[in-house]
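start10.cif, holding mmCIF, C-alpha atoms and all ligand atoms:
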```
data_structure
loop_
_atom_site.label_atom_id
_atom_site.label_comp_id
_atom_site.auth_asym_id
_atom_site.auth_seq_id
_atom_site.Cartn_x
_atom_site.Cartn_y
_atom_site.Cartn_z
CA MET A 1 -11.60 8.46 -38.32
CA ALA A 2 -8.12 9.90 -38.67
CA ASP A 3 -7.80 9.40 -34.96
CA VAL A 4 -8.68 5.72 -35.29
CA VAL A 5 -6.12 5.21 -38.03
CA GLU A 6 -3.51 7.08 -36.04
CA LYS A 7 -4.25 4.92 -33.02
CA ALA A 8 -3.92 1.74 -35.05
CA VAL A 9 -0.60 2.84 -36.49
CA ARG A 10 0.63 3.90 -33.12
CA SER A 11 -0.34 0.67 -31.44
CA ARG A 12 1.38 -1.29 -34.18
CA MET A 13 4.50 0.78 -33.60
CA MET A 14 4.23 0.23 -29.88
CA ALA A 15 3.85 -3.50 -30.42
CA ALA A 16 7.03 -3.53 -32.45
CA VAL A 17 8.86 -1.72 -29.72
CA ARG A 18 7.57 -3.32 -26.60
CA THR A 19 6.24 -6.82 -26.38
CA ARG A 20 4.17 -7.89 -23.43
CA ASP A 21 5.11 -10.42 -20.83
CA THR A 22 8.83 -10.38 -21.54
CA ALA A 23 11.11 -12.41 -19.29
CA PRO A 24 12.32 -9.33 -17.37
CA GLU A 25 8.72 -8.21 -16.87
CA LEU A 26 7.69 -11.62 -15.57
CA LEU A 27 10.62 -11.58 -13.17
CA VAL A 28 9.52 -8.25 -11.70
CA ARG A 29 5.90 -9.39 -11.50
CA ARG A 30 6.83 -12.61 -9.72
CA PHE A 31 8.97 -10.69 -7.27
CA LEU A 32 6.25 -8.13 -6.48
CA HIS A 33 3.64 -10.84 -6.14
CA ALA A 34 5.83 -12.76 -3.70
CA ALA A 35 6.38 -9.52 -1.77
CA GLY A 36 2.58 -9.22 -1.35
CA PHE A 37 1.85 -6.40 -3.77
CA ARG A 38 -1.39 -6.20 -5.69
CA PHE A 39 -1.15 -4.82 -9.18
CA ARG A 40 -2.80 -4.51 -12.56
CA LEU A 41 -1.12 -5.19 -15.88
CA HIS A 42 -0.90 -3.15 -19.07
CA VAL A 43 -3.41 -0.53 -18.11
CA ARG A 44 -4.53 0.96 -21.39
CA ASP A 45 -6.31 3.98 -20.01
CA LEU A 46 -3.08 5.37 -18.57
CA PRO A 47 -0.47 7.14 -20.71
CA GLY A 48 2.04 4.68 -22.18
CA CYS A 49 0.02 1.62 -21.08
CA PRO A 50 2.29 0.91 -18.09
CA ASP A 51 3.46 -2.69 -17.62
CA ILE A 52 2.60 -2.80 -13.93
CA VAL A 53 0.22 -0.51 -12.05
CA LEU A 54 -0.07 -0.45 -8.26
CA PRO A 55 -3.21 1.59 -7.58
CA LYS A 56 -2.83 1.49 -3.80
CA TYR A 57 0.54 3.21 -4.05
CA GLN A 58 -0.39 5.42 -7.00
CA SER A 59 2.66 3.95 -8.74
CA VAL A 60 3.43 2.57 -12.16
CA ILE A 61 6.39 0.47 -13.21
CA PHE A 62 7.88 0.21 -16.66
CA VAL A 63 10.24 -2.68 -17.30
CA HIS A 64 12.42 -1.29 -20.07
CA GLY A 65 14.64 -3.15 -22.49
CA CYS A 66 17.97 -1.31 -22.57
CA PHE A 67 18.22 -1.25 -26.36
CA TRP A 68 14.66 -0.22 -27.27
CA HIS A 69 14.48 2.43 -24.61
CA GLN A 70 18.12 3.52 -24.92
CA HIS A 71 19.31 3.05 -21.35
CA SER A 72 21.76 5.92 -20.95
CA GLY A 73 25.39 4.77 -20.67
CA CYS A 74 24.43 1.08 -20.92
CA PRO A 75 26.50 -1.14 -23.26
CA LYS A 76 23.29 -2.90 -24.33
CA ALA A 77 21.98 0.39 -25.71
CA ARG A 78 24.69 0.74 -28.33
CA LEU A 79 23.37 1.33 -31.82
CA PRO A 80 24.15 -1.23 -34.51
CA ALA A 81 26.60 -0.08 -37.22
CA THR A 82 24.27 -1.44 -39.89
CA ASN A 83 21.41 0.95 -40.72
CA TYR A 84 22.77 3.31 -38.11
CA ASP A 85 20.65 6.28 -39.17
CA PHE A 86 17.47 4.23 -39.21
CA TRP A 87 18.07 2.92 -35.70
CA LYS A 88 19.14 6.27 -34.39
CA ALA A 89 15.94 7.97 -35.59
CA LYS A 90 13.72 5.12 -34.44
CA LEU A 91 15.22 4.76 -31.00
CA GLU A 92 15.41 8.50 -30.42
CA SER A 93 11.68 8.71 -31.06
CA ASN A 94 11.17 5.98 -28.45
CA VAL A 95 13.11 8.05 -25.93
CA VAL A 96 11.06 11.15 -26.73
CA ARG A 97 7.84 9.16 -26.33
CA ASP A 98 9.01 7.63 -23.03
CA SER A 99 9.78 11.06 -21.71
CA SER A 100 6.41 12.53 -22.69
CA VAL A 101 4.59 9.53 -21.21
CA ARG A 102 6.52 10.04 -18.00
CA ASP A 103 5.58 13.73 -17.89
CA LEU A 104 1.91 12.93 -18.41
CA LEU A 105 1.89 10.33 -15.64
CA LEU A 106 3.73 12.60 -13.21
CA ARG A 107 1.27 15.39 -13.94
CA GLN A 108 -1.57 12.98 -13.13
CA GLY A 109 0.06 12.35 -9.76
CA TRP A 110 1.64 8.95 -10.40
CA GLN A 111 5.00 7.78 -9.19
CA VAL A 112 6.87 6.46 -12.24
CA ILE A 113 9.44 3.73 -11.64
CA VAL A 114 11.62 2.40 -14.45
CA VAL A 115 13.29 -0.98 -14.03
CA TRP A 116 16.03 -1.52 -16.60
CA GLU A 117 16.49 -4.96 -18.05
CA CYS A 118 20.22 -4.99 -17.32
CA SER A 119 19.69 -4.23 -13.63
CA LEU A 120 17.80 -7.52 -13.24
CA ARG A 121 20.97 -9.52 -13.69
CA ASP A 122 21.69 -8.51 -10.11
CA PRO A 123 18.83 -10.02 -8.08
CA ASP A 124 19.52 -7.65 -5.18
CA GLN A 125 18.38 -4.78 -7.35
CA LEU A 126 14.80 -5.89 -6.96
CA ASP A 127 15.05 -5.70 -3.19
CA THR A 128 15.00 -1.92 -3.33
CA LEU A 129 11.72 -1.88 -5.21
CA PRO A 130 9.26 -2.42 -2.32
CA SER A 131 10.62 0.49 -0.29
CA GLN A 132 10.65 2.69 -3.35
CA ILE A 133 7.02 1.83 -4.04
CA ARG A 134 5.88 2.29 -0.44
CA SER A 135 7.77 5.52 0.17
CA PHE A 136 5.75 7.44 -2.39
CA VAL A 137 3.32 9.96 -1.00
CA PRO A 138 0.80 11.06 -3.64
CA LYS A 139 0.55 14.83 -3.98
ZN ZN A 201 20.91 -1.18 -19.31
#
```
Reformat the file's structure so that it appears as structure tokens.
Ligand SMILES: [Zn+2]
Amino acid sequence: MADVVEKAVRSRMMAAVRTRDTAPELLVRRFLHAAGFRFRLHVRDLPGCPDIVLPKYQSVIFVHGCFWHQHSGCPKARLPATNYDFWKAKLESNVVRDSSVRDLLLRQGWQVIVVWECSLRDPDQLDTLPSQIRSFVPK
């Protein structure tokens, strides 16, 4: 019971943090599709419910918003001056969760690829994705 409640709270928190089918995510999906990749979306039975899962390559892709996931060194990740402490605590917990999700996936033998929202402004950035996906050799 407690577990169910915890799950509900957590999924509500997750929903607040990461919405599905964002423009950056759609861009990556369209690109991969055009490049001939087959993938699944929002796979709930994997840690962190990855945005894009490529089973053939044992790879998952997260398309991260720079603010919500605190892209290190990125101007878009700067905390607002208003309610600074609130945002700092909230966003730091996102970073901690991202990192534990990553560890879990790596331990299960997945390649974890993060595509940052800001990198998509340069369309050439996506061109490196196919070779990164294909180069992974599952352990
Ligand atoms: Zn960024």
Site check for ligand ZN 201 (chain A): residues at most 7 Å away, only C-alpha atoms and all ligand atoms, as an mmCIF file with C-alpha atoms, keeping the file's coordinate frame:
```cif
data_model
loop_
_atom_site.group_PDB
_atom_site.id
_atom_site.type_symbol
_atom_site.label_atom_id
_atom_site.label_comp_id
_atom_site.auth_asym_id
_atom_site.auth_seq_id
_atom_site.Cartn_x
_atom_site.Cartn_y
_atom_site.Cartn_z
ATOM 1 C CA CYS A 66 17.970 -1.310 -22.570
ATOM 2 C CA HIS A 71 19.310 3.050 -21.350
ATOM 3 C CA CYS A 74 24.430 1.080 -20.920
ATOM 4 C CA PRO A 75 26.500 -1.140 -23.260
ATOM 5 C CA LYS A 76 23.290 -2.900 -24.330
ATOM 6 C CA ALA A 77 21.980 0.390 -25.710
ATOM 7 C CA TRP A 116 16.030 -1.520 -16.600
ATOM 8 C CA GLU A 117 16.490 -4.960 -18.050
ATOM 9 C CA CYS A 118 20.220 -4.990 -17.320
ATOM 10 C CA SER A 119 19.690 -4.230 -13.630
#
```
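A straight line drawn from CA of Val114 in chain A to CA of Ala89 in chain A is 22.3 Å long.
For the pair CA of Lys90 in chain A and CA of Gly48 in chain A, the interatomic distance is 16.9 Å.
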### Message
Env of Ile133 in chain A: 10 Å cut, atoms = all atoms listed in the file, seq-sep filter 6 positions within chain, self excluded. Answer as an NGL selection string.
### Response
:A and (37 or 54 or 56-61 or 111-113)
Taking into account all atoms listed in the file, which residue in the set A:Ser99, A:Leu79, A:Phe136, A:Val115 is nearest to Glu25 in chain A?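 For Glu25 in chain A, the nearest of the given residues is A:Val115.
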(Q) Residues within 10 Å of Ser100 in chain A, please, as number ranges by chain. Count all atoms listed in the file; anything in the same chain fewer than 5 positions from it doesn't count. (A) A: 47-48, 94-95, 105-106
Of the listed residues A:Ile52, A:Gly73, A:Phe67, A:Gln108, that which approaches His33 in chain A most closely, counting only C-alpha atoms: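 When distances to His33 in chain A are compared using only C-alpha atoms, the smallest one comes from A:Ile52.
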Handout entry: From A:Ala35, A:Leu104, A:Leu91, A:Ala81, residue lying nearest Cys49 in chain A [only C-alpha atoms]
Key =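 Between A:Ala35, A:Leu104, A:Leu91, A:Ala81, the residue approaching Cys49 in chain A most closely is A:Leu104.
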Give me, please, the distance in Å between CA of Arg78 in chain A and CA of Pro24 in chain A, quoted to one decimal.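 For CA of Arg78 in chain A relative to CA of Pro24 in chain A, the distance reads 19.4 Å.
With distances taken over all atoms listed in the file, A:Arg97 is the one residue among A:Arg97, A:Tyr84, A:Gly36, A:Gly109 lying closest to His69 in chain A.
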Centre, edges in Å (one decimal): axis-aligned box, range 119-132 of chain A, 5 Å padding on all six sides, as JSON:
```
{"center_x": 15.5, "center_y": -3.7, "center_z": -7.0, "size_x": 22.4, "size_y": 22.7, "size_z": 23.4}
```
- Query: Between A:Pro50, A:Pro123, A:Pro55, A:Pro80, which one has atoms that come closest to Val28 in chain A, using all atoms listed in the file?
  - Reply: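 Selected residue with least distance to Val28 in chain A: A:Pro123.
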* Asked: Can you tell me, as a ChimeraX atom specification, which residues sit within 12 Å of (17.2, -8.1, -5.8) in the file's frame, using only C-alpha atoms?
  -> /A:27-28,30-32,35,115,119-130
